[in-house]
file model16.pdb (PDB, C-alpha atoms, pLDDT in the B column)
MODEL        1
ATOM      1  CA  MET A 203     -92.524  -6.065 -39.357  1.00 88.00           C
ATOM      2  CA  ARG A 204     -89.419  -7.401 -41.127  1.00 91.00           C
ATOM      3  CA  ASN A 205     -90.369 -11.050 -40.701  1.00 93.00           C
ATOM      4  CA  ASN A 206     -93.839 -10.324 -42.010  1.00 93.00           C
ATOM      5  CA  LEU A 207     -92.401  -8.628 -45.095  1.00 95.00           C
ATOM      6  CA  ILE A 208     -90.083 -11.574 -45.734  1.00 95.00           C
ATOM      7  CA  LYS A 209     -93.138 -13.840 -45.783  1.00 94.00           C
ATOM      8  CA  LYS A 210     -94.878 -11.546 -48.268  1.00 95.00           C
ATOM      9  CA  ILE A 211     -92.096 -10.601 -50.692  1.00 95.00           C
ATOM     10  CA  GLY A 212     -89.140 -12.859 -49.864  1.00 96.00           C
ATOM     11  CA  LYS A 213     -85.774 -12.261 -48.198  1.00 96.00           C
ATOM     12  CA  VAL A 214     -83.923 -11.405 -51.424  1.00 96.00           C
ATOM     13  CA  ASN A 215     -86.443  -8.754 -52.430  1.00 96.00           C
ATOM     14  CA  LEU A 216     -86.440  -7.257 -48.955  1.00 96.00           C
ATOM     15  CA  GLN A 217     -82.654  -7.031 -49.003  1.00 96.00           C
ATOM     16  CA  LYS A 218     -82.840  -5.086 -52.274  1.00 97.00           C
ATOM     17  CA  ILE A 219     -85.360  -2.740 -50.684  1.00 97.00           C
ATOM     18  CA  GLU A 220     -83.319  -2.251 -47.525  1.00 97.00           C
ATOM     19  CA  ASN A 221     -80.131  -1.517 -49.475  1.00 96.00           C
ATOM     20  CA  ALA A 222     -81.640   1.070 -51.825  1.00 97.00           C
ATOM     21  CA  ARG A 223     -81.280   4.743 -50.943  1.00 97.00           C
ATOM     22  CA  VAL A 224     -84.316   6.779 -51.954  1.00 98.00           C
ATOM     23  CA  GLY A 225     -84.387  10.560 -52.014  1.00 98.00           C
ATOM     24  CA  ILE A 226     -87.606  12.423 -51.314  1.00 98.00           C
ATOM     25  CA  ALA A 227     -87.704  16.009 -52.528  1.00 98.00           C
ATOM     26  CA  GLY A 228     -90.278  17.727 -50.343  1.00 98.00           C
ATOM     27  CA  ALA A 229     -92.030  16.567 -47.161  1.00 98.00           C
ATOM     28  CA  GLY A 230     -95.539  17.866 -47.772  1.00 97.00           C
ATOM     29  CA  GLY A 231     -98.641  15.964 -48.844  1.00 96.00           C
ATOM     30  CA  LEU A 232     -96.874  13.764 -51.366  1.00 97.00           C
ATOM     31  CA  GLY A 233     -93.520  13.447 -49.655  1.00 98.00           C
ATOM     32  CA  SER A 234     -94.703  12.670 -46.135  1.00 98.00           C
ATOM     33  CA  ASN A 235     -97.239  10.089 -47.300  1.00 98.00           C
ATOM     34  CA  CYS A 236     -94.869   8.525 -49.823  1.00 98.00           C
ATOM     35  CA  ALA A 237     -92.253   8.166 -47.081  1.00 98.00           C
ATOM     36  CA  LEU A 238     -94.855   6.491 -44.862  1.00 98.00           C
ATOM     37  CA  ASN A 239     -95.629   3.931 -47.574  1.00 98.00           C
ATOM     38  CA  LEU A 240     -91.959   3.302 -48.351  1.00 98.00           C
ATOM     39  CA  VAL A 241     -91.105   2.591 -44.714  1.00 98.00           C
ATOM     40  CA  ARG A 242     -94.098   0.268 -44.396  1.00 97.00           C
ATOM     41  CA  VAL A 243     -92.761  -1.906 -47.250  1.00 97.00           C
ATOM     42  CA  GLY A 244     -89.250  -2.094 -45.814  1.00 97.00           C
ATOM     43  CA  PHE A 245     -87.268   0.859 -47.165  1.00 98.00           C
ATOM     44  CA  LYS A 246     -84.735   1.939 -44.562  1.00 97.00           C
ATOM     45  CA  ARG A 247     -82.366   4.368 -46.284  1.00 97.00           C
ATOM     46  CA  LEU A 248     -84.166   7.613 -47.055  1.00 98.00           C
ATOM     47  CA  THR A 249     -82.855  11.104 -47.762  1.00 98.00           C
ATOM     48  CA  ILE A 250     -85.608  13.651 -47.131  1.00 98.00           C
ATOM     49  CA  VAL A 251     -85.126  17.323 -48.017  1.00 98.00           C
ATOM     50  CA  ASP A 252     -87.478  20.151 -47.054  1.00 98.00           C
ATOM     51  CA  PHE A 253     -87.200  23.614 -45.506  1.00 97.00           C
ATOM     52  CA  ASP A 254     -90.778  24.224 -44.354  1.00 97.00           C
ATOM     53  CA  VAL A 255     -92.498  24.067 -40.964  1.00 98.00           C
ATOM     54  CA  ILE A 256     -95.844  22.427 -40.207  1.00 98.00           C
ATOM     55  CA  ASP A 257     -98.855  24.712 -40.391  1.00 98.00           C
ATOM     56  CA  PRO A 258    -102.375  23.818 -39.207  1.00 98.00           C
ATOM     57  CA  SER A 259    -103.492  23.945 -42.845  1.00 97.00           C
ATOM     58  CA  ASN A 260    -101.200  20.984 -43.617  1.00 97.00           C
ATOM     59  CA  LEU A 261    -103.039  18.553 -41.360  1.00 97.00           C
ATOM     60  CA  ASP A 262    -105.847  17.800 -43.820  1.00 96.00           C
ATOM     61  CA  ARG A 263    -103.526  15.847 -46.129  1.00 97.00           C
ATOM     62  CA  GLN A 264    -100.012  15.490 -44.698  1.00 97.00           C
ATOM     63  CA  PHE A 265     -98.591  12.829 -42.358  1.00 98.00           C
ATOM     64  CA  TYR A 266     -98.343  15.072 -39.308  1.00 98.00           C
ATOM     65  CA  PHE A 267    -100.254  15.620 -36.090  1.00 98.00           C
ATOM     66  CA  LEU A 268    -101.723  18.594 -34.259  1.00 98.00           C
ATOM     67  CA  ASP A 269     -99.048  18.598 -31.558  1.00 98.00           C
ATOM     68  CA  GLN A 270     -96.366  18.894 -34.278  1.00 98.00           C
ATOM     69  CA  VAL A 271     -97.591  22.238 -35.643  1.00 98.00           C
ATOM     70  CA  GLY A 272     -94.654  24.665 -35.701  1.00 98.00           C
ATOM     71  CA  MET A 273     -92.028  21.929 -36.015  1.00 98.00           C
ATOM     72  CA  LYS A 274     -89.804  21.590 -39.042  1.00 98.00           C
ATOM     73  CA  LYS A 275     -91.366  19.047 -41.354  1.00 98.00           C
ATOM     74  CA  ILE A 276     -88.210  16.973 -41.648  1.00 98.00           C
ATOM     75  CA  GLU A 277     -87.934  16.683 -37.855  1.00 98.00           C
ATOM     76  CA  ALA A 278     -91.576  15.731 -37.371  1.00 98.00           C
ATOM     77  CA  LEU A 279     -91.526  13.279 -40.265  1.00 98.00           C
ATOM     78  CA  LYS A 280     -88.388  11.636 -38.907  1.00 98.00           C
ATOM     79  CA  ALA A 281     -90.079  11.173 -35.532  1.00 98.00           C
ATOM     80  CA  ASN A 282     -93.208   9.714 -37.137  1.00 98.00           C
ATOM     81  CA  LEU A 283     -91.287   7.306 -39.369  1.00 98.00           C
ATOM     82  CA  LEU A 284     -89.099   6.117 -36.498  1.00 98.00           C
ATOM     83  CA  ARG A 285     -92.259   5.142 -34.647  1.00 97.00           C
ATOM     84  CA  LEU A 286     -92.974   2.730 -37.517  1.00 96.00           C
ATOM     85  CA  ASN A 287     -89.448   1.336 -37.684  1.00 96.00           C
ATOM     86  CA  PRO A 288     -86.729   2.482 -35.258  1.00 96.00           C
ATOM     87  CA  ASP A 289     -84.058   0.805 -37.406  1.00 95.00           C
ATOM     88  CA  ILE A 290     -84.414   3.052 -40.454  1.00 96.00           C
ATOM     89  CA  GLU A 291     -81.423   5.146 -41.557  1.00 95.00           C
ATOM     90  CA  LEU A 292     -82.862   8.582 -42.251  1.00 96.00           C
ATOM     91  CA  LYS A 293     -80.885  11.485 -43.626  1.00 97.00           C
ATOM     92  CA  THR A 294     -82.978  14.627 -43.143  1.00 97.00           C
ATOM     93  CA  ILE A 295     -81.791  17.897 -44.651  1.00 98.00           C
ATOM     94  CA  ASN A 296     -83.299  21.287 -43.875  1.00 97.00           C
ATOM     95  CA  ALA A 297     -82.804  23.059 -47.198  1.00 97.00           C
ATOM     96  CA  LYS A 298     -84.662  24.650 -50.077  1.00 96.00           C
ATOM     97  CA  ILE A 299     -84.003  22.647 -53.227  1.00 97.00           C
ATOM     98  CA  ASP A 300     -82.718  24.606 -56.211  1.00 96.00           C
ATOM     99  CA  SER A 301     -80.627  24.074 -59.315  1.00 96.00           C
ATOM    100  CA  LYS A 302     -77.427  24.867 -57.405  1.00 96.00           C
ATOM    101  CA  ASN A 303     -77.779  22.193 -54.730  1.00 97.00           C
ATOM    102  CA  VAL A 304     -80.114  19.503 -56.107  1.00 97.00           C
ATOM    103  CA  ARG A 305     -77.375  17.297 -57.514  1.00 97.00           C
ATOM    104  CA  GLU A 306     -75.358  17.331 -54.306  1.00 97.00           C
ATOM    105  CA  LEU A 307     -78.418  16.780 -52.097  1.00 97.00           C
ATOM    106  CA  PHE A 308     -79.349  13.563 -53.888  1.00 97.00           C
ATOM    107  CA  SER A 309     -75.910  12.430 -55.102  1.00 96.00           C
ATOM    108  CA  ASP A 310     -76.026   9.121 -53.218  1.00 95.00           C
ATOM    109  CA  CYS A 311     -79.642   8.269 -54.134  1.00 97.00           C
ATOM    110  CA  GLU A 312     -80.422   5.894 -56.985  1.00 95.00           C
ATOM    111  CA  VAL A 313     -84.100   6.845 -56.873  1.00 97.00           C
ATOM    112  CA  ILE A 314     -85.577  10.306 -56.300  1.00 98.00           C
ATOM    113  CA  VAL A 315     -89.245  10.972 -55.630  1.00 98.00           C
ATOM    114  CA  GLU A 316     -90.218  14.481 -56.712  1.00 98.00           C
ATOM    115  CA  CYS A 317     -92.784  15.879 -54.246  1.00 97.00           C
ATOM    116  CA  LEU A 318     -92.428  19.621 -54.797  1.00 95.00           C
ATOM    117  CA  ASP A 319     -95.268  22.127 -55.019  1.00 88.00           C
ATOM    118  CA  LYS A 320     -94.404  24.382 -57.934  1.00 90.00           C
ATOM    119  CA  ALA A 321     -94.258  23.364 -61.593  1.00 90.00           C
ATOM    120  CA  GLU A 322     -90.975  25.174 -62.161  1.00 93.00           C
ATOM    121  CA  SER A 323     -89.348  23.365 -59.229  1.00 95.00           C
ATOM    122  CA  LYS A 324     -90.570  20.024 -60.547  1.00 94.00           C
ATOM    123  CA  SER A 325     -89.149  20.756 -64.004  1.00 94.00           C
ATOM    124  CA  MET A 326     -85.850  21.926 -62.545  1.00 96.00           C
ATOM    125  CA  LEU A 327     -85.354  18.755 -60.527  1.00 96.00           C
ATOM    126  CA  VAL A 328     -86.093  16.505 -63.484  1.00 96.00           C
ATOM    127  CA  ALA A 329     -83.852  18.523 -65.801  1.00 94.00           C
ATOM    128  CA  GLU A 330     -80.925  18.452 -63.366  1.00 95.00           C
ATOM    129  CA  LEU A 331     -81.095  14.790 -62.337  1.00 95.00           C
ATOM    130  CA  LEU A 332     -82.402  12.927 -65.378  1.00 92.00           C
ATOM    131  CA  SER A 333     -79.122  13.107 -67.269  1.00 89.00           C
ATOM    132  CA  LEU A 334     -77.313  11.572 -64.268  1.00 93.00           C
ATOM    133  CA  GLY A 335     -79.180   8.311 -64.766  1.00 90.00           C
ATOM    134  CA  LYS A 336     -81.206   8.645 -61.579  1.00 94.00           C
ATOM    135  CA  PHE A 337     -84.620   6.986 -61.574  1.00 97.00           C
ATOM    136  CA  ILE A 338     -87.109   9.808 -60.985  1.00 97.00           C
ATOM    137  CA  VAL A 339     -90.729   9.483 -59.921  1.00 98.00           C
ATOM    138  CA  SER A 340     -92.484  12.810 -60.381  1.00 97.00           C
ATOM    139  CA  ALA A 341     -96.103  13.957 -59.988  1.00 96.00           C
ATOM    140  CA  SER A 342     -98.416  16.211 -61.955  1.00 93.00           C
ATOM    141  CA  GLY A 343    -102.170  16.565 -61.509  1.00 88.00           C
ATOM    142  CA  LEU A 344    -103.618  15.315 -58.243  1.00 87.00           C
ATOM    143  CA  GLY A 345    -106.036  18.023 -57.136  1.00 87.00           C
ATOM    144  CA  GLY A 346    -109.802  17.889 -56.882  1.00 87.00           C
ATOM    145  CA  ILE A 347    -112.524  15.522 -55.738  1.00 91.00           C
ATOM    146  CA  GLY A 348    -113.379  12.150 -57.256  1.00 89.00           C
ATOM    147  CA  ALA A 349    -112.201  10.604 -60.513  1.00 86.00           C
ATOM    148  CA  SER A 350    -109.209   9.135 -58.695  1.00 91.00           C
ATOM    149  CA  ASP A 351    -108.873   6.463 -61.390  1.00 93.00           C
ATOM    150  CA  GLY A 352    -107.524   9.307 -63.527  1.00 93.00           C
ATOM    151  CA  ILE A 353    -104.377   9.399 -61.402  1.00 95.00           C
ATOM    152  CA  LYS A 354    -102.235   7.107 -63.512  1.00 96.00           C
ATOM    153  CA  VAL A 355     -98.642   5.977 -63.905  1.00 97.00           C
ATOM    154  CA  HIS A 356     -97.085   7.557 -67.007  1.00 97.00           C
ATOM    155  CA  LYS A 357     -93.751   6.041 -68.075  1.00 96.00           C
ATOM    156  CA  VAL A 358     -92.196   8.936 -69.935  1.00 94.00           C
ATOM    157  CA  LYS A 359     -88.641   7.619 -70.234  1.00 94.00           C
ATOM    158  CA  LYS A 360     -86.719   4.592 -69.018  1.00 92.00           C
ATOM    159  CA  ASN A 361     -85.790   6.494 -65.866  1.00 94.00           C
ATOM    160  CA  LEU A 362     -88.701   8.965 -65.593  1.00 97.00           C
ATOM    161  CA  VAL A 363     -92.214   8.196 -64.400  1.00 97.00           C
ATOM    162  CA  ILE A 364     -94.916  10.802 -63.759  1.00 97.00           C
ATOM    163  CA  ILE A 365     -97.875  10.085 -61.493  1.00 97.00           C
ATOM    164  CA  GLY A 366    -101.108  12.039 -61.888  1.00 94.00           C
ATOM    165  CA  ASP A 367    -103.879  13.019 -64.249  1.00 92.00           C
ATOM    166  CA  LEU A 368    -101.530  15.541 -65.972  1.00 89.00           C
ATOM    167  CA  ARG A 369    -104.370  18.077 -65.998  1.00 87.00           C
ATOM    168  CA  SER A 370    -105.631  19.252 -62.619  1.00 77.00           C
ATOM    169  CA  ASP A 371    -103.998  22.321 -61.091  1.00 75.00           C
ATOM    170  CA  ILE A 372    -104.063  22.666 -57.295  1.00 71.00           C
ATOM    171  CA  ASP A 373    -104.557  26.423 -57.724  1.00 73.00           C
ATOM    172  CA  ASN A 374    -107.972  25.655 -59.188  1.00 76.00           C
ATOM    173  CA  SER A 375    -108.627  22.133 -57.849  1.00 82.00           C
ATOM    174  CA  PRO A 376    -107.682  21.859 -54.162  1.00 89.00           C
ATOM    175  CA  ALA A 377    -105.212  19.245 -52.997  1.00 91.00           C
ATOM    176  CA  LEU A 378    -107.253  17.017 -50.680  1.00 93.00           C
ATOM    177  CA  SER A 379    -106.198  13.939 -48.756  1.00 94.00           C
ATOM    178  CA  PRO A 380    -107.818  11.167 -50.853  1.00 95.00           C
ATOM    179  CA  ARG A 381    -106.282  12.054 -54.229  1.00 95.00           C
ATOM    180  CA  VAL A 382    -103.003  13.214 -52.671  1.00 96.00           C
ATOM    181  CA  ASN A 383    -102.686   9.858 -50.924  1.00 97.00           C
ATOM    182  CA  VAL A 384    -103.559   7.945 -54.096  1.00 97.00           C
ATOM    183  CA  ALA A 385    -100.721   9.739 -55.891  1.00 97.00           C
ATOM    184  CA  ALA A 386     -98.278   9.284 -52.991  1.00 98.00           C
ATOM    185  CA  ALA A 387     -99.072   5.569 -52.764  1.00 98.00           C
ATOM    186  CA  LYS A 388     -98.572   5.164 -56.510  1.00 98.00           C
ATOM    187  CA  GLN A 389     -95.217   6.932 -56.262  1.00 98.00           C
ATOM    188  CA  ALA A 390     -94.158   4.511 -53.528  1.00 98.00           C
ATOM    189  CA  ASP A 391     -95.393   1.530 -55.526  1.00 98.00           C
ATOM    190  CA  VAL A 392     -93.421   2.606 -58.600  1.00 98.00           C
ATOM    191  CA  VAL A 393     -90.279   2.919 -56.462  1.00 98.00           C
ATOM    192  CA  LEU A 394     -90.937  -0.518 -54.958  1.00 98.00           C
ATOM    193  CA  GLU A 395     -91.391  -2.095 -58.392  1.00 97.00           C
ATOM    194  CA  PHE A 396     -88.234  -0.465 -59.750  1.00 97.00           C
ATOM    195  CA  VAL A 397     -86.052  -1.587 -56.860  1.00 97.00           C
ATOM    196  CA  VAL A 398     -87.386  -5.151 -56.771  1.00 96.00           C
ATOM    197  CA  LYS A 399     -87.154  -5.657 -60.546  1.00 92.00           C
ATOM    198  CA  LYS A 400     -84.001  -3.607 -61.173  1.00 80.00           C
ATOM    199  CA  ASN A 401     -81.502  -6.479 -61.294  1.00 56.00           C
ATOM    200  CA  LEU A 402     -83.752  -8.553 -63.569  1.00 48.00           C
ATOM    201  CA  THR A 403     -84.110  -5.614 -65.959  1.00 44.00           C
ATOM    202  CA  GLU A 404     -80.352  -5.061 -66.073  1.00 46.00           C
ATOM    203  CA  GLN A 405     -79.746  -8.729 -66.925  1.00 38.00           C
ATOM    204  CA  ASN A 406     -82.217  -8.795 -69.836  1.00 36.00           C
TER     205      ASN A 406
ENDMDL
END
call {"tool": "encode", "arguments": {"input": "model16.pdb", "output": "structure tokens"}}
result
Amino acid sequence: MRNNLIKKIGKVNLQKIENARVGIAGAGGLGSNCALNLVRVGFKRLTIVDFDVIDPSNLDRQFYFLDQVGMKKIEALKANLLRLNPDIELKTINAKIDSKNVRELFSDCEVIVECLDKAESKSMLVAELLSLGKFIVSASGLGGIGASDGIKVHKVKKNLVIIGDLRSDIDNSPALSPRVNVAAAKQADVVLEFVVKKNLTEQN
């Protein structure tokens, strides 16, 4: 896979990607699928934090399999990602993210992908990490059926991007695989763009 990526994006760009450490807050629909996309484009150094176990209800949208039901999400996701690339350097942490531990959990990450379920948890993560200069890719509004073109990239600040339609609420509009995966792929693409272009941006 590495040689193929070098042909597509170049050795220098791939080295940037391989050297970047990306934190993923939550290993559910967004987090598991974002991690899948990141590994497929060459990211090797991931910190994934989640405390949940896989439930049968997760299988309609999350990157897990029936025989993994009952496993901790971080353990199952690690196994699945290692099947794609056995050379990745995963740091998996079984913990519930809160305002007391979020800074320490992602202290060595230059990029953090927010993939949490609750609005208050999303806000907390952004509030705690934004001032540290971390590049944060959050999500808001990905539930429902159709209208997937409404899931857009919103550049809120220099180091904060929000993916979603900013309207739909999963309590009223169910989180289903197509729109969840659109949002997760866009999160991964924003991370990819940031890492590849980062040095150019700093020089300008």
call {"tool": "closest_residue", "arguments": {"input": "model16.pdb", "among": "A:Val224, A:Val271, A:Val392, A:Leu261", "to": "Phe245 (chain A)", "atoms": "only C-alpha atoms"}}
result
A:Val224
call {"tool": "closest_residue", "arguments": {"input": "model16.pdb", "among": "A:Val255, A:Ala341, A:Val363, A:Leu238", "to": "Lys320 (chain A)", "atoms": "all atoms listed in the file"}}
result
A:Ala341
call {"tool": "atom_distance", "arguments": {"input": "model16.pdb", "atom1": "CA of Ile250 (chain A)", "atom2": "CA of Gly225 (chain A)"}}
result
5.9 Å
call {"tool": "closest_residue", "arguments": {"input": "model16.pdb", "among": "A:Thr249, A:Gln217, A:Ser259, A:Ser350", "to": "Gly233 (chain A)", "atoms": "all atoms listed in the file"}}
result
A:Thr249
call {"tool": "residues_around", "arguments": {"input": "model16.pdb", "residues": "Lys336 (chain A)", "least_positions_apart": "5", "cutoff": "7 Å", "atoms": "all atoms listed in the file", "output": "PyMOL selection string"}}
result
chain A and resi 312-313+331+361
call {"tool": "residues_around", "arguments": {"input": "model16.pdb", "residues": "region 207-213 of chain A", "least_positions_apart": "5", "cutoff": "9 Å", "atoms": "only C-alpha atoms", "output": "mmCIF file with C-alpha atoms, keeping the file's coordinate frame"}}
result
data_model
loop_
_atom_site.group_PDB
_atom_site.id
_atom_site.type_symbol
_atom_site.label_atom_id
_atom_site.label_comp_id
_atom_site.auth_asym_id
_atom_site.auth_seq_id
_atom_site.Cartn_x
_atom_site.Cartn_y
_atom_site.Cartn_z
ATOM 1 C CA LYS A 218 -82.840 -5.086 -52.274
ATOM 2 C CA VAL A 243 -92.761 -1.906 -47.250
ATOM 3 C CA GLY A 244 -89.250 -2.094 -45.814
#
call {"tool": "closest_residue", "arguments": {"input": "model16.pdb", "among": "A:Leu334, A:Gly346, A:Ala385, A:Ser379", "to": "Leu362 (chain A)", "atoms": "only C-alpha atoms"}}
result
A:Leu334
call {"tool": "closest_residue", "arguments": {"input": "model16.pdb", "among": "A:Lys359, A:Arg204, A:Lys400, A:Lys388", "to": "Ala237 (chain A)", "atoms": "only C-alpha atoms"}}
result
A:Lys388
call {"tool": "resolve_selection", "arguments": {"input": "model16.pdb", "expression": "the PyMOL selection byres ((chain A and resi 291) around 7)", "output": "ChimeraX atom specification"}}
result
/A:246-248,289-290,292-293
call {"tool": "axis_aligned_box", "arguments": {"input": "model16.pdb", "around": "region 344-349 of chain A", "padding_each_side": "4 Å", "output": "lines of an AutoDock Vina configuration file"}}
result
center_x = -108.5
center_y = 14.3
center_z = -58.1
size_x = 17.8
size_y = 15.4
size_z = 12.8
call {"tool": "resolve_selection", "arguments": {"input": "model16.pdb", "expression": "the PyMOL selection byres ((chain A and resi 355) around 6)", "output": "list of chain:residue names"}}
result
A:Lys354, A:His356, A:Ile365
call {"tool": "residues_near_point", "arguments": {"input": "model16.pdb", "point": "(-93.5, 3.8, -46.4)", "cutoff": "10 Å", "atoms": "only C-alpha atoms", "output": "ChimeraX atom specification"}}
result
/A:234-246,283,286-287,386-387,390-391,394
call {"tool": "atom_distance", "arguments": {"input": "model16.pdb", "atom1": "CA of Phe308 (chain A)", "atom2": "CA of Glu322 (chain A)"}}
result
18.4 Å
call {"tool": "atom_distance", "arguments": {"input": "model16.pdb", "atom1": "CA of Asn206 (chain A)", "atom2": "CA of Arg223 (chain A)"}}
result
21.6 Å
